$ cat my_file32.txt   # compact mmCIF, C-alpha atoms and all ligand atoms
# COMPACT_ATOMS: atom_id res chain seq x y z
CA MET R 1 14.27 -0.81 0.04
CA LYS R 2 13.47 -3.41 -2.55
CA ILE R 3 9.86 -3.90 -3.66
CA SER R 4 8.89 -7.00 -5.63
CA ALA R 5 5.39 -7.39 -7.05
CA ILE R 6 4.07 -10.61 -8.55
CA THR R 7 1.08 -10.28 -10.85
CA ILE R 8 -0.48 -11.56 -14.06
CA PHE R 9 -0.75 -7.91 -15.19
CA PRO R 10 2.72 -6.30 -14.89
CA GLU R 11 1.43 -3.35 -16.97
CA TYR R 12 -0.62 -2.22 -13.95
CA PHE R 13 2.60 -1.05 -12.32
CA ALA R 14 3.52 1.54 -14.99
CA PRO R 15 2.57 4.47 -12.66
CA LEU R 16 5.54 3.59 -10.42
CA GLU R 17 7.64 5.55 -12.93
CA LEU R 18 5.77 8.76 -12.07
CA SER R 19 6.03 11.53 -9.50
CA LEU R 20 7.81 11.05 -6.17
CA ILE R 21 7.99 7.25 -6.46
CA GLY R 22 9.56 7.55 -9.91
CA LYS R 23 12.11 10.00 -8.50
CA ALA R 24 12.84 7.73 -5.52
CA LYS R 25 13.48 4.92 -7.98
CA GLU R 26 15.74 7.08 -10.14
CA SER R 27 17.77 8.19 -7.13
CA GLY R 28 18.21 4.57 -5.97
CA LEU R 29 16.17 4.89 -2.74
CA ILE R 30 13.94 2.06 -3.93
CA ASP R 31 14.39 -0.73 -6.39
CA PHE R 32 11.41 -2.41 -8.05
CA ALA R 33 11.09 -5.90 -9.53
CA ILE R 34 7.75 -6.53 -11.26
CA LEU R 35 7.33 -10.21 -12.12
CA ASN R 36 4.82 -11.87 -14.41
CA LEU R 37 3.36 -14.88 -12.57
CA ARG R 38 2.84 -16.65 -15.91
CA ASP R 39 6.64 -16.84 -16.34
CA PHE R 40 6.60 -19.44 -13.54
CA THR R 41 4.19 -21.85 -15.25
CA ASP R 42 5.38 -24.94 -17.11
CA ASP R 43 2.53 -25.64 -19.53
CA ASN R 44 1.91 -24.23 -23.01
CA HIS R 45 -1.13 -22.25 -21.85
CA HIS R 46 0.73 -20.62 -18.91
CA THR R 47 -2.04 -21.72 -16.56
CA VAL R 48 -2.11 -20.01 -13.17
CA ASP R 49 -5.52 -21.17 -11.89
CA ASP R 50 -7.65 -24.25 -11.40
CA THR R 51 -11.08 -25.22 -10.07
CA PRO R 52 -11.67 -24.97 -6.31
CA TYR R 53 -11.62 -28.07 -4.11
CA GLY R 54 -15.07 -28.47 -2.60
CA GLY R 55 -16.73 -26.93 -5.66
CA GLY R 56 -18.19 -23.49 -6.13
CA ALA R 57 -17.90 -20.65 -8.59
CA GLY R 58 -14.70 -19.26 -10.04
CA MET R 59 -11.10 -20.38 -10.15
CA VAL R 60 -8.34 -20.43 -7.53
CA MET R 61 -4.70 -19.49 -8.20
CA LYS R 62 -2.32 -22.44 -8.04
CA ALA R 63 0.07 -22.83 -5.10
CA GLU R 64 2.92 -24.35 -7.19
CA VAL R 65 3.10 -21.35 -9.51
CA TRP R 66 2.94 -18.87 -6.64
CA GLY R 67 5.55 -20.81 -4.66
CA ASP R 68 8.03 -20.76 -7.56
CA ALA R 69 7.44 -17.04 -8.17
CA ILE R 70 7.86 -16.07 -4.51
CA ASP R 71 10.96 -18.27 -4.09
CA SER R 72 12.53 -16.51 -7.07
CA VAL R 73 12.46 -13.11 -5.32
CA LEU R 74 13.59 -14.27 -1.87
CA PRO R 75 17.15 -13.06 -1.28
CA THR R 76 19.86 -15.63 -0.58
CA SER R 77 21.22 -13.29 2.14
CA GLN R 78 19.87 -13.14 5.71
CA THR R 79 17.44 -10.35 4.68
CA ILE R 80 13.94 -10.77 6.12
CA SER R 81 11.25 -10.25 3.47
CA ASP R 82 7.75 -9.00 4.22
CA LEU R 83 5.36 -10.97 2.02
CA ILE R 84 2.11 -9.01 1.61
CA ILE R 85 -0.65 -11.26 0.35
CA LEU R 86 -3.45 -9.00 -0.85
CA THR R 87 -6.92 -10.23 0.02
CA PRO R 88 -10.20 -8.60 1.07
CA ALA R 89 -10.13 -11.07 3.98
CA GLY R 90 -6.88 -9.59 5.34
CA LYS R 91 -6.11 -7.10 8.10
CA LYS R 92 -7.18 -3.61 7.07
CA PHE R 93 -4.28 -1.46 5.84
CA SER R 94 -3.54 1.59 8.00
CA GLN R 95 -0.99 4.37 8.43
CA LYS R 96 0.47 2.34 11.33
CA MET R 97 1.05 -0.60 8.97
CA ALA R 98 2.57 1.76 6.38
CA THR R 99 5.06 2.95 9.02
CA GLU R 100 5.99 -0.65 9.85
CA PHE R 101 6.39 -1.63 6.18
CA ALA R 102 8.54 1.49 5.57
CA ARG R 103 11.18 -0.09 7.86
CA SER R 104 11.32 -3.28 5.78
CA GLU R 105 14.29 -4.14 3.58
CA HIS R 106 12.16 -6.10 1.13
CA LEU R 107 8.42 -5.99 0.45
CA ILE R 108 6.86 -8.62 -1.78
CA PHE R 109 3.33 -8.05 -3.06
CA ALA R 110 1.35 -11.12 -4.09
CA CYS R 111 -1.47 -9.79 -6.28
CA GLY R 112 -4.30 -12.28 -6.51
CA ARG R 113 -6.94 -12.53 -9.25
CA TYR R 114 -10.00 -14.78 -9.75
CA GLU R 115 -11.13 -16.18 -6.36
CA GLY R 116 -7.73 -15.58 -4.81
CA ILE R 117 -4.60 -17.65 -4.07
CA ASP R 118 -4.54 -21.23 -2.70
CA SER R 119 -4.44 -20.73 1.10
CA ARG R 120 -1.46 -23.07 1.49
CA VAL R 121 0.76 -20.30 0.11
CA THR R 122 0.08 -18.23 3.25
CA THR R 123 0.54 -21.26 5.51
CA PHE R 124 3.80 -22.34 3.86
CA TYR R 125 5.54 -18.95 4.01
CA GLN R 126 4.41 -18.44 7.62
CA SER R 127 6.72 -21.35 8.41
CA GLN R 128 9.73 -19.81 6.63
CA PRO R 129 12.25 -18.12 8.94
CA LYS R 130 13.24 -15.36 6.51
CA VAL R 131 9.67 -14.36 5.63
CA ARG R 132 7.07 -12.38 7.58
CA VAL R 133 3.64 -12.94 6.06
CA HIS R 134 0.90 -10.30 6.14
CA GLU R 135 -2.55 -10.86 4.67
CA VAL R 136 -3.69 -7.31 3.93
CA SER R 137 -6.91 -5.71 2.66
CA ILE R 138 -7.14 -2.07 1.59
CA GLY R 139 -10.80 -1.83 2.61
CA ASP R 140 -14.11 -3.56 2.95
CA TYR R 141 -14.88 -3.96 -0.73
CA VAL R 142 -13.83 -6.44 -3.42
CA LEU R 143 -11.53 -5.48 -6.30
CA ASN R 144 -10.86 -7.65 -9.35
CA GLY R 145 -7.22 -8.03 -8.40
CA GLY R 146 -4.52 -7.04 -5.92
CA GLU R 147 -2.60 -4.70 -8.24
CA VAL R 148 -4.45 -1.50 -7.28
CA ALA R 149 -4.09 -2.46 -3.61
CA ALA R 150 -0.34 -3.01 -4.07
CA LEU R 151 0.00 0.42 -5.70
CA ALA R 152 -1.93 2.12 -2.89
CA ILE R 153 0.22 0.45 -0.22
CA THR R 154 3.42 1.20 -2.13
CA GLU R 155 2.55 4.90 -2.33
CA ALA R 156 1.68 5.12 1.39
CA VAL R 157 4.90 3.28 2.35
CA VAL R 158 7.41 4.84 -0.03
CA ARG R 159 6.54 8.44 0.96
CA LEU R 160 7.59 7.54 4.54
CA ILE R 161 11.10 6.46 3.50
CA PRO R 162 13.58 9.16 4.50
CA GLY R 163 14.60 11.23 1.48
CA VAL R 164 11.49 10.58 -0.62
CA ILE R 165 9.46 13.64 0.47
CA GLY R 166 11.42 16.89 0.09
CA ASN R 167 10.15 18.42 3.34
CA PRO R 168 9.85 15.68 6.00
CA GLU R 169 7.96 18.12 8.28
CA SER R 170 4.95 17.75 6.00
CA LEU R 171 4.62 14.15 7.26
CA ILE R 172 4.34 15.19 10.90
CA GLU R 173 0.98 17.00 10.90
CA GLU R 174 -0.73 14.67 8.46
CA SER R 175 -3.96 12.76 8.93
CA HIS R 176 -3.72 9.40 10.72
CA ASN R 177 -0.41 10.21 12.42
CA GLU R 178 0.32 9.12 15.98
CA ALA R 179 -2.20 11.57 17.48
CA GLY R 180 -4.89 9.59 15.64
CA LEU R 181 -6.59 12.71 14.23
CA VAL R 182 -7.30 13.67 10.64
CA GLU R 183 -5.69 16.90 9.43
CA TYR R 184 -7.25 20.36 9.99
CA PRO R 185 -8.80 22.15 6.95
CA THR R 186 -6.26 23.90 4.70
CA PHE R 187 -6.50 27.11 2.63
CA THR R 188 -4.32 29.09 0.23
CA LYS R 189 -4.57 32.42 -1.65
CA PRO R 190 -6.76 34.29 -2.51
CA PRO R 191 -8.25 35.29 0.90
CA GLU R 192 -11.76 35.35 -0.61
CA TRP R 193 -13.14 32.91 -3.23
CA ARG R 194 -16.77 32.90 -4.42
CA GLY R 195 -17.78 34.84 -1.32
CA LEU R 196 -16.01 32.43 1.04
CA GLN R 197 -13.40 33.94 3.38
CA VAL R 198 -10.34 32.23 4.80
CA PRO R 199 -10.82 31.91 8.61
CA GLU R 200 -9.55 35.17 10.14
CA VAL R 201 -7.26 33.47 12.66
CA LEU R 202 -5.08 32.09 9.83
CA THR R 203 -4.19 35.59 8.64
CA SER R 204 -3.67 36.96 12.19
CA GLY R 205 0.02 36.02 12.40
CA ASN R 206 -0.68 34.73 15.95
CA HIS R 207 1.03 31.32 15.84
CA GLY R 208 -0.36 30.21 19.22
CA ALA R 209 -3.93 31.01 18.16
CA ILE R 210 -3.40 29.30 14.80
CA ALA R 211 -2.08 26.11 16.44
CA LYS R 212 -5.04 26.09 18.89
CA TRP R 213 -7.56 26.63 16.05
CA ARG R 214 -5.99 23.87 13.96
CA LEU R 215 -6.10 21.39 16.82
CA GLU R 216 -9.76 22.22 17.55
CA GLN R 217 -10.63 21.84 13.86
CA ALA R 218 -8.76 18.53 13.60
CA GLU R 219 -10.72 17.23 16.61
CA ILE R 220 -14.07 18.41 15.20
CA ARG R 221 -13.27 16.94 11.77
CA SER R 222 -12.12 13.64 13.25
CA GLN R 223 -15.29 13.41 15.31
CA ASN R 224 -17.61 14.36 12.42
CA ALA R 225 -16.00 12.37 9.66
CA ARG R 226 -14.83 9.35 11.52
CA GLY R 227 -16.39 8.92 14.95
CA ASP R 228 -13.72 6.25 15.54
N1 LIG R 301 -13.04 -14.49 -3.48
C1 LIG R 301 -12.33 -13.48 -2.75
C2 LIG R 301 -13.10 -13.13 -1.50
O1 LIG R 301 -14.32 -13.11 -1.54
O2 LIG R 301 -12.45 -12.81 -0.48
C3 LIG R 301 -12.17 -12.24 -3.61
C4 LIG R 301 -11.16 -12.40 -4.69
S1 LIG R 301 -10.89 -10.92 -5.58
C5 LIG R 301 -12.11 -10.99 -6.82
C6 LIG R 301 -9.40 -11.23 -6.44
C7 LIG R 301 -8.16 -10.66 -5.83
O3 LIG R 301 -8.29 -9.26 -5.74
C8 LIG R 301 -7.82 -11.10 -4.42
O4 LIG R 301 -7.15 -12.34 -4.41
C9 LIG R 301 -6.95 -9.97 -3.93
O5 LIG R 301 -5.60 -10.15 -4.33
C10 LIG R 301 -7.52 -8.77 -4.65
N2 LIG R 301 -8.40 -7.95 -3.81
C11 LIG R 301 -9.74 -7.79 -3.97
N3 LIG R 301 -10.23 -6.95 -3.06
C12 LIG R 301 -9.18 -6.56 -2.28
C13 LIG R 301 -9.08 -5.71 -1.16
N4 LIG R 301 -10.12 -5.09 -0.63
N5 LIG R 301 -7.85 -5.52 -0.61
C14 LIG R 301 -6.76 -6.15 -1.12
N6 LIG R 301 -6.82 -6.99 -2.20
C15 LIG R 301 -8.01 -7.18 -2.77

$ encode --input "my_file32.txt" --output "structure tokens"
Amino acid sequence: MKISAITIFPEYFAPLELSLIGKAKESGLIDFAILNLRDFTDDNHHTVDDTPYGGGAGMVMKAEVWGDAIDSVLPTSQTISDLIILTPAGKKFSQKMATEFARSEHLIFACGRYEGIDSRVTTFYQSQPKVRVHEVSIGDYVLNGGEVAALAITEAVVRLIPGVIGNPESLIEESHNEAGLVEYPTFTKPPEWRGLQVPEVLTSGNHGAIAKWRLEQAEIRSQNARGD
């Protein structure tokens, strides 16, 4: 998979060198291109924003600059690219979306700043046959920019690519999988810590009883924590 991210702060993406994502990059499972949006400006001040039509506070990111930057990462082949435009007004990111994005050949993150990106960028790329556009939010709150959102989505997606996680079984019982439950509580040694015991069933060796207990706990936890 290729992941392109367009930003005015390329330094934000330094953590991609670390941990499992860093290893996936080293082993060639993923290839990153981090582009500085300002490289696509043509004025001395490298201007990426302008005042909003209709008035109001703040600045809006310019469509021409974004268009040139996005065009520069679109492959000339028949590859379909998934253009993820990060915005708090987008569809809320979920494990289901992560699974869909993990099947993509090319993800492009458009990281907004200021009051966001001129809306014609979304409209234009929706009309392009080799681009699927997704306006995505990582939650109901407002960040200063899309970089942190792009990192969160990248981490959730990349760990689903075959070969990235050493033991793929660990993905099966996780929270937010197809069963729609969050994971059961987990424990490790020692059996007692600060007066708190590990639930007896987990040390019983009875696999049937353990599976039943875990399912019950996952249901209780899902109900208590989430309700949805
Ligand atoms: N004026 C915009 C609004 O009210 O919807 C907020 C713009 S925000 C300050 C600047 C940029 O941060 C956005 O263009 C987007 O790229 C990013 N951003 C902020 N919150 C986000 C969220 N919850 N999910 C994804 N991206 C977000």

$ residues_near_ligand --input "my_file32.txt" --ligand "ligand LIG 301 (chain R)" --cutoff "10 Å" --atoms "all atoms listed in the file" --output "number ranges by chain"
R: 7, 57-61, 84-93, 109-118, 135-150, 152-153

$ write_last_selection --input "my_file32.txt" --atoms "C-alpha atoms" --output "PDB file, in the frame of the given file"
ATOM      1  CA  THR R   7       1.080 -10.280 -10.850  1.00  0.00           C
ATOM      2  CA  ALA R  57     -17.900 -20.650  -8.590  1.00  0.00           C
ATOM      3  CA  GLY R  58     -14.700 -19.260 -10.040  1.00  0.00           C
ATOM      4  CA  MET R  59     -11.100 -20.380 -10.150  1.00  0.00           C
ATOM      5  CA  VAL R  60      -8.340 -20.430  -7.530  1.00  0.00           C
ATOM      6  CA  MET R  61      -4.700 -19.490  -8.200  1.00  0.00           C
ATOM      7  CA  ILE R  84       2.110  -9.010   1.610  1.00  0.00           C
ATOM      8  CA  ILE R  85      -0.650 -11.260   0.350  1.00  0.00           C
ATOM      9  CA  LEU R  86      -3.450  -9.000  -0.850  1.00  0.00           C
ATOM     10  CA  THR R  87      -6.920 -10.230   0.020  1.00  0.00           C
ATOM     11  CA  PRO R  88     -10.200  -8.600   1.070  1.00  0.00           C
ATOM     12  CA  ALA R  89     -10.130 -11.070   3.980  1.00  0.00           C
ATOM     13  CA  GLY R  90      -6.880  -9.590   5.340  1.00  0.00           C
ATOM     14  CA  LYS R  91      -6.110  -7.100   8.100  1.00  0.00           C
ATOM     15  CA  LYS R  92      -7.180  -3.610   7.070  1.00  0.00           C
ATOM     16  CA  PHE R  93      -4.280  -1.460   5.840  1.00  0.00           C
ATOM     17  CA  PHE R 109       3.330  -8.050  -3.060  1.00  0.00           C
ATOM     18  CA  ALA R 110       1.350 -11.120  -4.090  1.00  0.00           C
ATOM     19  CA  CYS R 111      -1.470  -9.790  -6.280  1.00  0.00           C
ATOM     20  CA  GLY R 112      -4.300 -12.280  -6.510  1.00  0.00           C
ATOM     21  CA  ARG R 113      -6.940 -12.530  -9.250  1.00  0.00           C
ATOM     22  CA  TYR R 114     -10.000 -14.780  -9.750  1.00  0.00           C
ATOM     23  CA  GLU R 115     -11.130 -16.180  -6.360  1.00  0.00           C
ATOM     24  CA  GLY R 116      -7.730 -15.580  -4.810  1.00  0.00           C
ATOM     25  CA  ILE R 117      -4.600 -17.650  -4.070  1.00  0.00           C
ATOM     26  CA  ASP R 118      -4.540 -21.230  -2.700  1.00  0.00           C
ATOM     27  CA  GLU R 135      -2.550 -10.860   4.670  1.00  0.00           C
ATOM     28  CA  VAL R 136      -3.690  -7.310   3.930  1.00  0.00           C
ATOM     29  CA  SER R 137      -6.910  -5.710   2.660  1.00  0.00           C
ATOM     30  CA  ILE R 138      -7.140  -2.070   1.590  1.00  0.00           C
ATOM     31  CA  GLY R 139     -10.800  -1.830   2.610  1.00  0.00           C
ATOM     32  CA  ASP R 140     -14.110  -3.560   2.950  1.00  0.00           C
ATOM     33  CA  TYR R 141     -14.880  -3.960  -0.730  1.00  0.00           C
ATOM     34  CA  VAL R 142     -13.830  -6.440  -3.420  1.00  0.00           C
ATOM     35  CA  LEU R 143     -11.530  -5.480  -6.300  1.00  0.00           C
ATOM     36  CA  ASN R 144     -10.860  -7.650  -9.350  1.00  0.00           C
ATOM     37  CA  GLY R 145      -7.220  -8.030  -8.400  1.00  0.00           C
ATOM     38  CA  GLY R 146      -4.520  -7.040  -5.920  1.00  0.00           C
ATOM     39  CA  GLU R 147      -2.600  -4.700  -8.240  1.00  0.00           C
ATOM     40  CA  VAL R 148      -4.450  -1.500  -7.280  1.00  0.00           C
ATOM     41  CA  ALA R 149      -4.090  -2.460  -3.610  1.00  0.00           C
ATOM     42  CA  ALA R 150      -0.340  -3.010  -4.070  1.00  0.00           C
ATOM     43  CA  ALA R 152      -1.930   2.120  -2.890  1.00  0.00           C
ATOM     44  CA  ILE R 153       0.220   0.450  -0.220  1.00  0.00           C
TER      45      ILE R 153
END

$ closest_residue --input "my_file32.txt" --among "R:Ala218, R:Leu29, R:Ala209, R:Ala63" --to "Glu173 in chain R" --atoms "all atoms listed in the file"
R:Ala218

$ closest_residue --input "my_file32.txt" --among "R:Asp42, R:Glu100, R:Glu17, R:Glu105" --to "Val65 in chain R" --atoms "all atoms listed in the file"
R:Asp42

$ residues_around --input "my_file32.txt" --residues "Leu160 in chain R" --least-positions-apart "3" --cutoff "9 Å" --atoms "all atoms listed in the file" --output "PyMOL selection string"
chain R and resi 98-99+102+155-157+163-165+168+171

$ residues_around --input "my_file32.txt" --residues "Thr188 in chain R" --least-positions-apart "3" --cutoff "12 Å" --atoms "all atoms listed in the file" --output "list of chain:residue names"
R:Pro185, R:Pro191, R:Glu192, R:Trp193, R:Gln197, R:Val198, R:Pro199, R:Leu202, R:Thr203

$ write_last_selection --input "my_file32.txt" --atoms "C-alpha atoms" --output "PDB file, in the coordinates of the input"
ATOM      1  CA  PRO R 185      -8.800  22.150   6.950  1.00  0.00           C
ATOM      2  CA  PRO R 191      -8.250  35.290   0.900  1.00  0.00           C
ATOM      3  CA  GLU R 192     -11.760  35.350  -0.610  1.00  0.00           C
ATOM      4  CA  TRP R 193     -13.140  32.910  -3.230  1.00  0.00           C
ATOM      5  CA  GLN R 197     -13.400  33.940   3.380  1.00  0.00           C
ATOM      6  CA  VAL R 198     -10.340  32.230   4.800  1.00  0.00           C
ATOM      7  CA  PRO R 199     -10.820  31.910   8.610  1.00  0.00           C
ATOM      8  CA  LEU R 202      -5.080  32.090   9.830  1.00  0.00           C
ATOM      9  CA  THR R 203      -4.190  35.590   8.640  1.00  0.00           C
TER      10      THR R 203
END

$ atom_distance --input "my_file32.txt" --atom1 "CA of Ile3 in chain R" --atom2 "CA of Leu20 in chain R"
15.3 Å

$ atom_distance --input "my_file32.txt" --atom1 "CA of Gln95 in chain R" --atom2 "CA of Thr154 in chain R"
11.9 Å

$ atom_distance --input "my_file32.txt" --atom1 "CA of Tyr184 in chain R" --atom2 "CA of Ala211 in chain R"
10.1 Å

$ axis_aligned_box --input "my_file32.txt" --around "range 197-216 of chain R" --padding-each-side "8 Å" --output "AutoDock Vina command-line options"
--center_x -6.2 --center_y 29.2 --center_z 11.3 --size_x 30.4 --size_y 31.6 --size_z 31.8

$ closest_residue --input "my_file32.txt" --among "R:Val182, R:Ile70, R:Asn36, R:Leu215" --to "Val133 in chain R" --atoms "all atoms listed in the file"
R:Ile70
